[in-house]
Amino acid sequence: MRRRLALLPLTVLGVLVLVSVFLHLVPGDAVDVMLGESAAPADREVLRRALGLDRPWPAQLLRFVAALSQGDLGWSLSYRTPVAKLVAARWPATLELALAALAFALVVALPLGIAAGARPGSAIDHLARWTSLTGVCVPTIVLGPLLILGFAVHLGWLPVSGREGPAHLALPATTLGLGMVGILVRLARTAMIAALAEPWAHAARARGASPLRVVLRHALPAALPPLVTVAGLQAGALLAGAIVTETIFAWPGIGRLTVQAIGARDYPLVQGCVLVIAVTYVIVNCCTDVVLLWLDPRLRDGE
């Protein structure tokens, strides 16, 4: 845990360097986007100097890191607003979507995977396998439009886009969470089968414990650590997956803001959005480690 916290600044710095490199490799110029291709060369040069875009790439990166060390994320080139203000305004929407997707994945995947592992070869086991296969194989960019066509266009049950209430959250959360469902169902099933095959599980049955008690009291605690590990990693990955989902459903979060900033070549805004996503990902992983230490105190020996 201490090592991970110590590596946090280096991780964030590495993310910023990679994002900055990729942004400068993308064709196009922020000045041309802001002024248009018909702008006079003198006007473009004046704006480029005013924004600091005439400096070499390393100088621009160092300037951003220096400002970041003072808590300043810079100014958005396209919105003419502090990046911190824009990110703070969009962050609650992304957090709401990620939490809803996580809740959907856990509510669907854990009971289904545990039941499938407790009864291999049964009908519920086949359902779990199909659910896992669907969640893993169908990409978000395909699943989102399919759900829109089915539940919004043909049935008219749910709205297509926007963020105005729980109904607007249903389709984006399902789209974002189904991939996590596919992974967790398979893992829960495998972990439960392995736990029920242990000698202490057979001993519990020999003592007359009911099948439900064996599953919930004995096998489930043993299966939880790998489930918590993968769930924590996937919870952090939900933020990255939200970029595609928010774009499909016009969800006003950081993911959609990042796509818009990339299209406008708004370097400070892209760096600010990616920075928030990266830091959140690392924090989620640290919280996962804390939960694992609480579930299995034996891990503290190697802390």
# chains A, B, ... in the order shown; residues from 1 in each chain; ligands from 1
call {"tool": "residues_around", "arguments": {"residues": "range 204-209 of chain A", "least_positions_apart": "6", "cutoff": "10 Å", "atoms": "only C-alpha atoms", "output": "ChimeraX atom specification"}}
result
/A:215,217-218
call {"tool": "residues_around", "arguments": {"residues": "Ala223 in chain A", "least_positions_apart": "2", "cutoff": "10 Å", "atoms": "only C-alpha atoms", "output": "ChimeraX atom specification"}}
result
/A:114,187-196,215,218-221,225-228
call {"tool": "atom_distance", "arguments": {"atom1": "CA of Ser76 in chain A", "atom2": "CA of Gly165 in chain A"}}
result
29.1 Å
call {"tool": "residues_around", "arguments": {"residues": "Gly71 in chain A", "least_positions_apart": "6", "cutoff": "12 Å", "atoms": "only C-alpha atoms", "output": "PyMOL selection string"}}
result
chain A and resi 64-65+82-84+272
call {"tool": "select_by_dssp", "arguments": {"residues": "range 24-204 of chain A", "states": "alpha helix (DSSP H)", "output": "PyMOL selection string"}}
result
chain A and resi 24-25+30-35+41-51+57-69+83-118+123-137+140-147+166-196+199-204
call {"tool": "residues_around", "arguments": {"residues": "range 181-186 of chain A", "least_positions_apart": "2", "cutoff": "10 Å", "atoms": "only C-alpha atoms", "output": "PyMOL selection string"}}
result
chain A and resi 101-102+104-117+128-138+174+176-179+188-191+226-228+230-231+234
call {"tool": "write_last_selection", "arguments": {"atoms": "C-alpha atoms", "output": "PDB file, in the first residue's frame"}}
result
ATOM      1  CA  ALA A 101     -23.045   0.586 -13.807  1.00  0.00           C
ATOM      2  CA  LEU A 102     -21.105  -0.934 -10.902  1.00  0.00           C
ATOM      3  CA  PHE A 104     -25.963  -3.131 -11.945  1.00  0.00           C
ATOM      4  CA  ALA A 105     -22.963  -5.411 -12.529  1.00  0.00           C
ATOM      5  CA  LEU A 106     -22.737  -6.538  -8.910  1.00  0.00           C
ATOM      6  CA  VAL A 107     -26.477  -7.131  -8.495  1.00  0.00           C
ATOM      7  CA  VAL A 108     -26.650  -9.217 -11.677  1.00  0.00           C
ATOM      8  CA  ALA A 109     -23.278 -10.964 -11.750  1.00  0.00           C
ATOM      9  CA  LEU A 110     -22.681 -12.080  -8.168  1.00  0.00           C
ATOM     10  CA  PRO A 111     -25.969 -13.931  -7.499  1.00  0.00           C
ATOM     11  CA  LEU A 112     -25.926 -15.451 -10.977  1.00  0.00           C
ATOM     12  CA  GLY A 113     -22.284 -16.552 -10.760  1.00  0.00           C
ATOM     13  CA  ILE A 114     -22.640 -17.934  -7.224  1.00  0.00           C
ATOM     14  CA  ALA A 115     -25.777 -19.881  -8.145  1.00  0.00           C
ATOM     15  CA  ALA A 116     -24.105 -21.244 -11.277  1.00  0.00           C
ATOM     16  CA  GLY A 117     -21.031 -22.335  -9.318  1.00  0.00           C
ATOM     17  CA  ALA A 128     -24.648 -17.686 -16.552  1.00  0.00           C
ATOM     18  CA  ARG A 129     -22.397 -18.891 -19.353  1.00  0.00           C
ATOM     19  CA  TRP A 130     -24.479 -17.175 -22.034  1.00  0.00           C
ATOM     20  CA  THR A 131     -24.606 -13.988 -19.993  1.00  0.00           C
ATOM     21  CA  SER A 132     -20.847 -14.049 -19.534  1.00  0.00           C
ATOM     22  CA  LEU A 133     -20.260 -14.700 -23.226  1.00  0.00           C
ATOM     23  CA  THR A 134     -22.570 -11.852 -24.230  1.00  0.00           C
ATOM     24  CA  GLY A 135     -21.022  -9.388 -21.815  1.00  0.00           C
ATOM     25  CA  VAL A 136     -17.460 -10.176 -22.878  1.00  0.00           C
ATOM     26  CA  CYS A 137     -18.007 -10.430 -26.648  1.00  0.00           C
ATOM     27  CA  VAL A 138     -20.410  -7.582 -27.410  1.00  0.00           C
ATOM     28  CA  THR A 174     -26.666  -1.150 -18.586  1.00  0.00           C
ATOM     29  CA  LEU A 176     -21.416   0.292 -19.412  1.00  0.00           C
ATOM     30  CA  GLY A 177     -22.009  -2.413 -16.800  1.00  0.00           C
ATOM     31  CA  LEU A 178     -22.726  -5.407 -19.034  1.00  0.00           C
ATOM     32  CA  GLY A 179     -19.055  -5.937 -19.889  1.00  0.00           C
ATOM     33  CA  ALA A 188     -17.750 -15.904  -9.440  1.00  0.00           C
ATOM     34  CA  ARG A 189     -18.719 -19.243 -10.961  1.00  0.00           C
ATOM     35  CA  THR A 190     -15.107 -20.459 -11.114  1.00  0.00           C
ATOM     36  CA  ALA A 191     -14.287 -19.250  -7.591  1.00  0.00           C
ATOM     37  CA  PRO A 226     -10.491 -12.664  -6.118  1.00  0.00           C
ATOM     38  CA  LEU A 227     -13.941 -11.205  -6.757  1.00  0.00           C
ATOM     39  CA  VAL A 228     -13.082  -8.021  -4.864  1.00  0.00           C
ATOM     40  CA  VAL A 230     -11.329  -7.979 -10.174  1.00  0.00           C
ATOM     41  CA  ALA A 231     -14.335  -5.844  -9.208  1.00  0.00           C
ATOM     42  CA  GLN A 234     -13.145  -3.166 -13.337  1.00  0.00           C
TER      43      GLN A 234
END
call {"tool": "closest_residue", "arguments": {"among": "A:Pro139, A:Val153, A:Leu77, A:Val12", "to": "Ile283 in chain A", "atoms": "only C-alpha atoms"}}
result
A:Val12
call {"tool": "atom_distance", "arguments": {"atom1": "CA of His24 in chain A", "atom2": "CA of Leu257 in chain A"}}
result
18.6 Å
call {"tool": "closest_residue", "arguments": {"among": "A:Met180, A:Ala222, A:Val244, A:Leu68", "to": "Leu292 in chain A", "atoms": "only C-alpha atoms"}}
result
A:Ala222
call {"tool": "atom_distance", "arguments": {"atom1": "CA of Arg63 in chain A", "atom2": "CA of Ile277 in chain A"}}
result
20.8 Å
call {"tool": "residues_around", "arguments": {"residues": "range 13-23 of chain A", "least_positions_apart": "2", "cutoff": "12 Å", "atoms": "only C-alpha atoms", "output": "ChimeraX atom specification"}}
result
/A:7-11,25-30,56-62,64-66,68-69,73,258,261-279,281-282
